[in-house]
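Novice: Here you go, one structure.
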Amino acid sequence: HDTTSQELSEKLARLYGVRPTSQGLLFLQPDNGDTQQVAIAGDFNNWSPTATPLKHDDNNGVFQACIPLPPGRYRYRLVIDGHWLQDPYNKYVESNPFGELNNVVEVDTS
């Protein structure tokens with residue numbers, strides 16, 4: 001196994017999940033090879049499983065979307081091929097009314 005692809009995957013693994021950028025919230029999820037569609041459902045899009053799809057990036061083997069949002073606290077879940085899932089790369093979670101976990105992300109005012 002060559003170290004460059006190993007190093008790249010480790011770097012990418014730190015980027016997966018969600019993080020604020022100057023353009024908005026960047027959502028990044030790995031393409032595990034058999035995923036067809038990834039979307040973000042959250043309180044910023046009325047929890048729509050289709051309103052915010054992630055685009056597949058063939059070069060990096062990831063799904064990504066950048067969502068411009070005003071400062072605040074947002075809850076979201078992943079919708080992967082129709083299945084609602086918690087983002088395994090974001091450790092900030094809270095329980096939802098369905099007994100599952102929503103991820104939480106904060107957009108700073110700075």
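To be explicit about the labels: the chains of the structure tokens are called A, B, and onward in the order shown, and within each one the residues are counted from 1, while ligands get numbers from 1 in the order they are shown.
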DSSP says helix (DSSP H, G or I) for which residues of chain A? Put them as a VMD selection string?

Specialist: chain A and resid 3 to 15

Novice: Emit the selected residues as a tab-separated table (two decimals), in the first residue's frame, including N, CA, C and O atoms.

Specialist:
chain	number	residue	atom	x	y	z
A	3	THR	N	2.12	5.00	0.57
A	3	THR	CA	1.82	5.92	1.67
A	3	THR	C	1.07	7.17	1.18
A	3	THR	O	0.32	7.76	1.94
A	4	THR	N	1.25	7.56	-0.08
A	4	THR	CA	0.61	8.80	-0.52
A	4	THR	C	-0.91	8.69	-0.49
A	4	THR	O	-1.58	9.58	0.02
A	5	SER	N	-1.48	7.58	-0.96
A	5	SER	CA	-2.93	7.44	-0.91
A	5	SER	C	-3.40	7.27	0.53
A	5	SER	O	-4.48	7.74	0.90
A	6	GLN	N	-2.58	6.61	1.36
A	6	GLN	CA	-2.90	6.48	2.78
A	6	GLN	C	-2.92	7.87	3.43
A	6	GLN	O	-3.85	8.21	4.16
A	7	GLU	N	-1.90	8.68	3.16
A	7	GLU	CA	-1.85	10.03	3.72
A	7	GLU	C	-3.02	10.86	3.23
A	7	GLU	O	-3.63	11.60	4.01
A	8	LEU	N	-3.35	10.73	1.94
A	8	LEU	CA	-4.46	11.49	1.39
A	8	LEU	C	-5.77	11.10	2.08
A	8	LEU	O	-6.54	11.96	2.48
A	9	SER	N	-5.99	9.80	2.26
A	9	SER	CA	-7.25	9.39	2.89
A	9	SER	C	-7.32	9.84	4.34
A	9	SER	O	-8.39	10.17	4.83
A	10	GLU	N	-6.17	9.89	5.02
A	10	GLU	CA	-6.18	10.38	6.41
A	10	GLU	C	-6.46	11.88	6.45
A	10	GLU	O	-7.19	12.36	7.32
A	11	LYS	N	-5.90	12.61	5.50
A	11	LYS	CA	-6.18	14.04	5.44
A	11	LYS	C	-7.65	14.28	5.14
A	11	LYS	O	-8.30	15.12	5.77
A	12	LEU	N	-8.19	13.54	4.18
A	12	LEU	CA	-9.60	13.69	3.83
A	12	LEU	C	-10.50	13.33	5.01
A	12	LEU	O	-11.50	13.99	5.26
A	13	ALA	N	-10.11	12.28	5.76
A	13	ALA	CA	-10.94	11.85	6.88
A	13	ALA	C	-11.09	12.97	7.90
A	13	ALA	O	-12.13	13.11	8.55
A	14	ARG	N	-10.05	13.82	8.04
A	14	ARG	CA	-10.16	14.95	8.96
A	14	ARG	C	-11.08	16.03	8.40
A	14	ARG	O	-11.59	16.85	9.14
A	15	LEU	N	-11.25	16.04	7.08
A	15	LEU	CA	-12.08	17.06	6.45
A	15	LEU	C	-13.55	16.64	6.37
A	15	LEU	O	-14.42	17.47	6.21

Novice: For Leu25 (chain A), work out the shell of residues within 8 Å, counting only C-alpha atoms and skipping chain neighbours fewer than 3 positions away, then give it as a list in words.

Specialist: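 Once the nearby chain positions are removed, what remains is Val18, Arg19, Pro20, Thr21, Cys66, Ile67, Pro68, Leu69 and Val107 of chain A.
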
Novice: With distances taken over only C-alpha atoms, which residue among A:Gln36, A:Asn103, A:Asp31, A:Ala41 lies nearest Asp58 (chain A)?

Specialist: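 Ranked by minimum distance to Asp58 (chain A), first place goes to A:Asp31.
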
Novice: If we count only C-alpha atoms and set the cut-off at 7 Å, which residues sit around region 89-96 of chain A, ignoring sequence neighbours fewer than 3 positions away in its own chain? Please answer as a PDB file with N, CA, C and O atoms, in the first residue's frame.

Specialist:
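Listing of part_21.pdb after writing:
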ATOM      1  N   TYR A  16     -13.808  15.337   6.457  1.00  0.00           N
ATOM      2  CA  TYR A  16     -15.183  14.855   6.346  1.00  0.00           C
ATOM      3  C   TYR A  16     -16.053  15.451   7.436  1.00  0.00           C
ATOM      4  O   TYR A  16     -15.586  15.785   8.513  1.00  0.00           O
ATOM      5  N   GLY A  17     -17.348  15.517   7.161  1.00  0.00           N
ATOM      6  CA  GLY A  17     -18.278  16.073   8.115  1.00  0.00           C
ATOM      7  C   GLY A  17     -18.717  17.441   7.631  1.00  0.00           C
ATOM      8  O   GLY A  17     -19.102  17.607   6.476  1.00  0.00           O
ATOM      9  N   VAL A  18     -18.625  18.411   8.504  1.00  0.00           N
ATOM     10  CA  VAL A  18     -19.055  19.756   8.147  1.00  0.00           C
ATOM     11  C   VAL A  18     -18.110  20.758   8.793  1.00  0.00           C
ATOM     12  O   VAL A  18     -17.607  20.532   9.888  1.00  0.00           O
ATOM     13  N   GLY A  99     -36.003   9.640  18.685  1.00  0.00           N
ATOM     14  CA  GLY A  99     -35.090   8.771  19.417  1.00  0.00           C
ATOM     15  C   GLY A  99     -33.792   8.526  18.689  1.00  0.00           C
ATOM     16  O   GLY A  99     -33.051   7.602  19.002  1.00  0.00           O
ATOM     17  N   GLU A 100     -33.527   9.356  17.669  1.00  0.00           N
ATOM     18  CA  GLU A 100     -32.276   9.241  16.935  1.00  0.00           C
ATOM     19  C   GLU A 100     -31.436  10.483  17.226  1.00  0.00           C
ATOM     20  O   GLU A 100     -31.850  11.338  17.995  1.00  0.00           O
ATOM     21  N   LEU A 101     -30.280  10.565  16.594  1.00  0.00           N
ATOM     22  CA  LEU A 101     -29.406  11.697  16.859  1.00  0.00           C
ATOM     23  C   LEU A 101     -29.337  12.629  15.658  1.00  0.00           C
ATOM     24  O   LEU A 101     -29.173  12.178  14.530  1.00  0.00           O
ATOM     25  N   ASN A 102     -29.484  13.905  15.910  1.00  0.00           N
ATOM     26  CA  ASN A 102     -29.210  14.936  14.914  1.00  0.00           C
ATOM     27  C   ASN A 102     -27.805  15.455  15.150  1.00  0.00           C
ATOM     28  O   ASN A 102     -27.356  15.556  16.287  1.00  0.00           O
ATOM     29  N   ASN A 103     -27.128  15.806  14.078  1.00  0.00           N
ATOM     30  CA  ASN A 103     -25.845  16.491  14.212  1.00  0.00           C
ATOM     31  C   ASN A 103     -26.113  17.978  14.387  1.00  0.00           C
ATOM     32  O   ASN A 103     -27.115  18.502  13.905  1.00  0.00           O
ATOM     33  N   VAL A 104     -25.186  18.642  15.054  1.00  0.00           N
ATOM     34  CA  VAL A 104     -25.312  20.073  15.306  1.00  0.00           C
ATOM     35  C   VAL A 104     -24.060  20.761  14.777  1.00  0.00           C
ATOM     36  O   VAL A 104     -22.948  20.261  14.933  1.00  0.00           O
TER      37      VAL A 104
END

Novice: Of the candidates A:Trp84, A:Tyr74, A:Phe63, A:Phe44, which shows the shortest atom-to-atom distance to Val105 (chain A), using only C-alpha atoms?

Specialist: A:Tyr74

Novice: As a list in words, please: all residues of region 2-49 of chain A that backbone DSSP puts in strand (DSSP E).

Specialist: Gly17, Val18, Arg19, Pro20, Thr21, Gly24, Leu25, Leu26, Phe27, Leu28, Gln29, Pro30, Val38, Ala39, Ile40, Ala41 and Gly42 of chain A

Novice: For all heavy atoms, I'd like the residues from the last selection saved as a tab-separated table (two decimals), in the first residue's frame.

Specialist:
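Ended up saving to selection.tsv:
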chain	number	residue	atom	x	y	z
A	17	GLY	N	-17.35	15.52	7.16
A	17	GLY	CA	-18.28	16.07	8.11
A	17	GLY	C	-18.72	17.44	7.63
A	17	GLY	O	-19.10	17.61	6.48
A	18	VAL	N	-18.62	18.41	8.50
A	18	VAL	CA	-19.06	19.76	8.15
A	18	VAL	C	-18.11	20.76	8.79
A	18	VAL	O	-17.61	20.53	9.89
A	18	VAL	CB	-20.52	20.01	8.60
A	18	VAL	CG1	-20.66	19.85	10.11
A	18	VAL	CG2	-21.00	21.38	8.15
A	19	ARG	N	-17.82	21.84	8.07
A	19	ARG	CA	-17.03	22.90	8.68
A	19	ARG	C	-17.36	24.23	8.01
A	19	ARG	O	-17.68	24.27	6.81
A	19	ARG	CB	-15.54	22.60	8.62
A	19	ARG	CG	-14.94	22.63	7.25
A	19	ARG	CD	-13.45	22.29	7.33
A	19	ARG	NE	-12.77	22.56	6.07
A	19	ARG	CZ	-12.82	21.77	5.02
A	19	ARG	NH1	-13.53	20.67	5.05
A	19	ARG	NH2	-12.19	22.07	3.91
A	20	PRO	N	-17.30	25.30	8.80
A	20	PRO	CA	-17.57	26.62	8.24
A	20	PRO	C	-16.43	27.06	7.32
A	20	PRO	O	-15.27	26.83	7.63
A	20	PRO	CB	-17.67	27.54	9.46
A	20	PRO	CG	-17.66	26.64	10.66
A	20	PRO	CD	-17.05	25.34	10.24
A	21	THR	N	-16.77	27.67	6.19
A	21	THR	CA	-15.77	28.28	5.32
A	21	THR	C	-16.24	29.70	5.04
A	21	THR	O	-17.34	30.08	5.44
A	21	THR	CB	-15.65	27.52	3.98
A	21	THR	OG1	-16.84	27.76	3.22
A	21	THR	CG2	-15.46	26.03	4.19
A	24	GLY	N	-19.57	29.49	3.24
A	24	GLY	CA	-20.72	28.88	3.90
A	24	GLY	C	-20.30	27.59	4.57
A	24	GLY	O	-19.11	27.32	4.73
A	25	LEU	N	-21.27	26.78	4.95
A	25	LEU	CA	-20.98	25.50	5.57
A	25	LEU	C	-20.61	24.49	4.48
A	25	LEU	O	-21.38	24.27	3.55
A	25	LEU	CB	-22.19	24.98	6.34
A	25	LEU	CG	-22.42	25.57	7.72
A	25	LEU	CD1	-23.67	24.97	8.34
A	25	LEU	CD2	-21.22	25.36	8.62
A	26	LEU	N	-19.46	23.88	4.63
A	26	LEU	CA	-19.01	22.87	3.68
A	26	LEU	C	-19.29	21.49	4.26
A	26	LEU	O	-18.78	21.13	5.31
A	26	LEU	CB	-17.51	23.02	3.40
A	26	LEU	CG	-16.92	21.99	2.45
A	26	LEU	CD1	-17.53	22.10	1.06
A	26	LEU	CD2	-15.41	22.13	2.38
A	27	PHE	N	-20.15	20.75	3.56
A	27	PHE	CA	-20.45	19.37	3.93
A	27	PHE	C	-19.64	18.46	3.03
A	27	PHE	O	-19.65	18.62	1.80
A	27	PHE	CB	-21.94	19.08	3.76
A	27	PHE	CG	-22.81	19.80	4.75
A	27	PHE	CD1	-23.29	21.07	4.46
A	27	PHE	CD2	-23.15	19.22	5.96
A	27	PHE	CE1	-24.10	21.74	5.37
A	27	PHE	CE2	-23.96	19.89	6.87
A	27	PHE	CZ	-24.43	21.15	6.58
A	28	LEU	N	-18.94	17.50	3.62
A	28	LEU	CA	-18.07	16.61	2.86
A	28	LEU	C	-18.26	15.19	3.38
A	28	LEU	O	-18.12	14.95	4.57
A	28	LEU	CB	-16.62	17.06	3.03
A	28	LEU	CG	-15.57	16.56	2.06
A	28	LEU	CD1	-15.85	17.07	0.64
A	28	LEU	CD2	-14.19	17.03	2.50
A	29	GLN	N	-18.61	14.27	2.48
A	29	GLN	CA	-18.79	12.87	2.86
A	29	GLN	C	-18.03	11.99	1.88
A	29	GLN	O	-17.96	12.29	0.70
A	29	GLN	CB	-20.28	12.50	2.84
A	29	GLN	CG	-21.10	13.16	3.93
A	29	GLN	CD	-20.70	12.69	5.32
A	29	GLN	OE1	-20.47	11.51	5.55
A	29	GLN	NE2	-20.60	13.62	6.25
A	30	PRO	N	-17.46	10.89	2.38
A	30	PRO	CA	-16.72	9.99	1.49
A	30	PRO	C	-17.66	9.24	0.56
A	30	PRO	O	-18.81	8.99	0.90
A	30	PRO	CB	-16.03	9.03	2.47
A	30	PRO	CG	-16.91	9.03	3.67
A	30	PRO	CD	-17.48	10.42	3.76
A	38	VAL	N	-26.30	11.45	-1.89
A	38	VAL	CA	-26.14	11.96	-0.53
A	38	VAL	C	-26.78	13.34	-0.49
A	38	VAL	O	-26.56	14.15	-1.38
A	38	VAL	CB	-24.66	12.05	-0.13
A	38	VAL	CG1	-24.52	12.57	1.30
A	38	VAL	CG2	-23.97	10.70	-0.27
A	39	ALA	N	-27.56	13.59	0.54
A	39	ALA	CA	-28.17	14.90	0.72
A	39	ALA	C	-28.09	15.28	2.20
A	39	ALA	O	-27.88	14.42	3.06
A	39	ALA	CB	-29.62	14.90	0.25
A	40	ILE	N	-28.26	16.56	2.47
A	40	ILE	CA	-28.32	17.07	3.83
A	40	ILE	C	-29.74	17.52	4.10
A	40	ILE	O	-30.31	18.29	3.31
A	40	ILE	CB	-27.37	18.28	4.01
A	40	ILE	CG1	-25.92	17.89	3.68
A	40	ILE	CG2	-27.46	18.84	5.42
A	40	ILE	CD1	-25.29	16.94	4.63
A	41	ALA	N	-30.32	17.02	5.18
A	41	ALA	CA	-31.64	17.50	5.61
A	41	ALA	C	-31.44	18.16	6.96
A	41	ALA	O	-30.81	17.58	7.85
A	41	ALA	CB	-32.63	16.34	5.72
A	42	GLY	N	-31.94	19.39	7.09
A	42	GLY	CA	-31.73	20.08	8.36
A	42	GLY	C	-32.76	21.16	8.59
A	42	GLY	O	-33.65	21.38	7.77

Novice: Pick the closest to Thr50 (chain A) from A:Pro71, A:Gln37, A:Val62, A:Glu106: which is it, counting only C-alpha atoms?

Specialist: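 Residue with the minimum atom-to-atom distance to Thr50 (chain A): A:Gln37.
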
Novice: Rank nothing, just name the residue among A:Gly82, A:Thr109, A:Asn32, A:Arg73 nearest to Pro53 (chain A), using only C-alpha atoms.

Specialist: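 Once distances to Pro53 (chain A) are computed over only C-alpha atoms, the minimum belongs to A:Gly82.
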